Amino acid sequence: MSRDSTAKVLGVAFVLCLVCSILVSAAAVGLSSRQERNRLEEKRKNILLAAGIYEAGRPIDEQFGQIQPRIVDLQTGQFERGLDPANFDSRAAARDPQTSHRIAPQQDLAGIKTRSRYKDVYLVLGDEGRLQQLILPVHGKGLWSTMYGFISLANDLTTITGFSFYQHGETPGLGGEIDNPDWKKQWPGKKIFDASGQLRIEVLKGMVDRESENAVHQVDGLSGATLTARGVSHLLRYWMGKDGYQPFLATLQTEGLIQ
Ligand SMILES: Cc1cc2nc3c(=O)[nH]c(=O)nc-3n(C[C@H](O)[C@H](O)[C@H](O)COP(=O)(O)O)c2cc1C
């Protein structure tokens, strides 16, 4: 067979493709456990950051030791003991017809259409198992993207101790300012509910009047990014409302876990 024959060129190309695809597949399989470990570590870091207890330089596994992951059934507001938090994927559960909950359009403030019936929640426990902080995953539509974050509450279950997004596709410099530390630092101390239990938290269009008695429930808007800011307000209203975590928060109050 001549060196330049079509059959030989095709044969060499085929063998090259085969070798390359074996190498790529082997790398993908070989690295998948490491990727999984990195994903878990990143998620844990975001949870610690939201709670304001992340210490740079200290192993994340060690820091996460003070946090107890649990699964909650949002319908009943009770802990769901039949699901293992270590293997629970709430995005997959939102797509699975067995565990997906379709949100009625009039209730769908977060613009997400469906959510998982079950959610992973994270308890920061202090002495004698008392709840110090509660960290809850939240998500909802911004202008361009679904924004995913964690909100952390003090043990009165209404005072915010931290709030941060770890994934979104809003425009840098506009909606992307939800990551700006100066904007984020307004959240700790704000109260989600008022004394009568009404859901009051909101991001304003414009600045908060610091003298106003409503200021404790309000955060400054983002100039040039009103639509993203409105998305943040709405997603919090959804997740902290009756179709979101409210039944669970009521259960925590009555079961005395927070005392
Ligand atoms: C290229 C481009 C990107 C934009 N990105 C965002 C964004 O990420 N979030 C947002 O709320 N508005 C974004 N806007 C602006 C919105 O279209 C809208 O004008 C704005 O939300 C209104 O906010 P304002 O009332 O504070 O000006 C973008 C506009 C342009 C032209």
# chains A, B, ... in the order shown; residues from 1 in each chain; ligands from 1
call {"tool": "residues_around", "arguments": {"residues": "A:Gly65", "least_positions_apart": "5", "cutoff": "10 Å", "atoms": "only C-alpha atoms", "output": "count of residues only"}}
result
3
call {"tool": "residues_around", "arguments": {"residues": "A:Ile160", "least_positions_apart": "4", "cutoff": "9 Å", "atoms": "only C-alpha atoms", "output": "ChimeraX atom specification"}}
result
/A:151-154,187-192
call {"tool": "write_last_selection", "arguments": {"atoms": "C-alpha atoms", "output": "short mmCIF file (atom, residue, chain, number, x, y, z; two decimals), in the first residue's frame"}}
result
data_model
loop_
_atom_site.label_atom_id
_atom_site.label_comp_id
_atom_site.auth_asym_id
_atom_site.auth_seq_id
_atom_site.Cartn_x
_atom_site.Cartn_y
_atom_site.Cartn_z
CA ILE A 151 -29.28 33.08 53.37
CA SER A 152 -28.34 32.68 56.97
CA LEU A 153 -30.64 33.52 59.89
CA ALA A 154 -29.95 34.03 63.58
CA TRP A 187 -27.97 42.46 54.88
CA PRO A 188 -26.77 41.32 58.32
CA GLY A 189 -29.13 42.67 60.96
CA LYS A 190 -32.10 43.12 58.60
CA LYS A 191 -35.31 41.42 59.70
CA ILE A 192 -37.36 39.26 57.39
#
call {"tool": "select_by_dssp", "arguments": {"residues": "stretch 31-236 of chain A", "states": "helix (DSSP H, G or I)", "output": "PyMOL selection string"}}
result
chain A and resi 31-50+60-64+85-87+90-95+105-107+127-129+175-179+181-184+215-217+226-236
call {"tool": "write_last_selection", "arguments": {"atoms": "C-alpha atoms", "output": "CSV table (one decimal), in the first residue's frame"}}
result
chain,number,residue,atom,x,y,z
A,31,LEU,CA,-10.8,13.0,37.5
A,32,SER,CA,-14.5,12.7,38.2
A,33,SER,CA,-14.1,11.8,41.9
A,34,ARG,CA,-11.8,14.8,42.3
A,35,GLN,CA,-14.3,17.1,40.5
A,36,GLU,CA,-17.0,15.8,42.8
A,37,ARG,CA,-14.9,16.5,45.9
A,38,ASN,CA,-14.1,20.1,44.6
A,39,ARG,CA,-17.8,20.7,44.0
A,40,LEU,CA,-18.7,19.6,47.5
A,41,GLU,CA,-15.9,21.7,49.0
A,42,GLU,CA,-17.0,24.8,47.0
A,43,LYS,CA,-20.6,24.3,48.2
A,44,ARG,CA,-19.5,24.0,51.8
A,45,LYS,CA,-17.3,27.1,51.4
A,46,ASN,CA,-20.4,29.1,50.2
A,47,ILE,CA,-22.5,27.9,53.1
A,48,LEU,CA,-19.8,29.0,55.6
A,49,LEU,CA,-19.4,32.3,53.7
A,50,ALA,CA,-23.2,33.0,53.9
A,60,ILE,CA,-13.1,23.5,55.0
A,61,ASP,CA,-13.9,19.9,56.3
A,62,GLU,CA,-12.8,21.0,59.7
A,63,GLN,CA,-14.9,24.2,59.6
A,64,PHE,CA,-17.9,22.4,58.3
A,85,PRO,CA,-28.2,15.1,52.9
A,86,ALA,CA,-24.8,13.9,51.7
A,87,ASN,CA,-26.4,12.5,48.5
A,90,SER,CA,-32.1,19.6,45.1
A,91,ARG,CA,-31.9,20.7,41.4
A,92,ALA,CA,-32.2,17.1,40.3
A,93,ALA,CA,-35.1,16.6,42.8
A,94,ALA,CA,-36.9,19.6,41.3
A,95,ARG,CA,-36.8,17.9,37.9
A,105,PRO,CA,-48.2,31.0,38.8
A,106,GLN,CA,-49.8,33.4,41.3
A,107,GLN,CA,-47.4,32.1,44.0
A,127,ASP,CA,-23.5,24.2,73.1
A,128,GLU,CA,-26.0,21.4,74.0
A,129,GLY,CA,-27.2,21.3,70.4
A,175,GLY,CA,-26.9,43.1,38.2
A,176,GLY,CA,-23.6,41.5,39.0
A,177,GLU,CA,-23.3,44.1,41.8
A,178,ILE,CA,-25.2,41.6,44.0
A,179,ASP,CA,-21.7,40.3,44.6
A,181,PRO,CA,-19.2,43.4,49.3
A,182,ASP,CA,-20.5,47.0,50.0
A,183,TRP,CA,-24.0,46.0,48.9
A,184,LYS,CA,-23.8,42.6,50.7
A,215,ALA,CA,-35.4,50.5,57.5
A,216,VAL,CA,-34.8,47.3,59.4
A,217,HIS,CA,-36.6,45.4,56.7
A,226,THR,CA,-33.6,47.5,39.2
A,227,LEU,CA,-34.7,44.2,37.6
A,228,THR,CA,-32.0,42.1,39.2
A,229,ALA,CA,-32.7,43.8,42.6
A,230,ARG,CA,-36.4,43.1,42.2
A,231,GLY,CA,-35.6,39.5,41.5
A,232,VAL,CA,-33.7,39.3,44.8
A,233,SER,CA,-36.6,40.8,46.6
A,234,HIS,CA,-39.0,38.4,45.0
A,235,LEU,CA,-37.0,35.3,45.5
A,236,LEU,CA,-36.7,36.1,49.2
call {"tool": "select_by_dssp", "arguments": {"residues": "stretch 149-207 of chain A", "states": "strand (DSSP E or B)", "output": "MDAnalysis selection string"}}
result
chainID A and resid 149:154 159:167 191 193 199 202:203
call {"tool": "write_last_selection", "arguments": {"atoms": "C-alpha atoms", "output": "mmCIF file, in the first residue's frame"}}
result
data_model
loop_
_atom_site.group_PDB
_atom_site.id
_atom_site.type_symbol
_atom_site.label_atom_id
_atom_site.label_comp_id
_atom_site.auth_asym_id
_atom_site.auth_seq_id
_atom_site.Cartn_x
_atom_site.Cartn_y
_atom_site.Cartn_z
ATOM 1 C CA GLY A 149 -27.538 31.720 46.991
ATOM 2 C CA PHE A 150 -27.645 30.967 50.688
ATOM 3 C CA ILE A 151 -29.281 33.077 53.373
ATOM 4 C CA SER A 152 -28.336 32.684 56.973
ATOM 5 C CA LEU A 153 -30.640 33.516 59.889
ATOM 6 C CA ALA A 154 -29.953 34.032 63.584
ATOM 7 C CA THR A 159 -32.686 38.374 61.717
ATOM 8 C CA ILE A 160 -30.413 37.894 58.715
ATOM 9 C CA THR A 161 -26.796 37.095 59.574
ATOM 10 C CA GLY A 162 -25.582 36.799 55.979
ATOM 11 C CA PHE A 163 -26.781 36.525 52.397
ATOM 12 C CA SER A 164 -24.770 35.774 49.332
ATOM 13 C CA PHE A 165 -25.131 34.408 45.819
ATOM 14 C CA TYR A 166 -22.703 31.783 44.554
ATOM 15 C CA GLN A 167 -24.016 31.410 40.993
ATOM 16 C CA LYS A 191 -35.309 41.424 59.699
ATOM 17 C CA PHE A 193 -40.564 39.397 59.446
ATOM 18 C CA LEU A 199 -43.083 39.067 55.628
ATOM 19 C CA GLU A 202 -37.428 43.983 50.459
ATOM 20 C CA VAL A 203 -34.828 45.567 48.211
#
call {"tool": "atom_distance", "arguments": {"atom1": "atom CA of A:Leu123", "atom2": "atom CA of A:Gln253"}}
result
13.9 Å
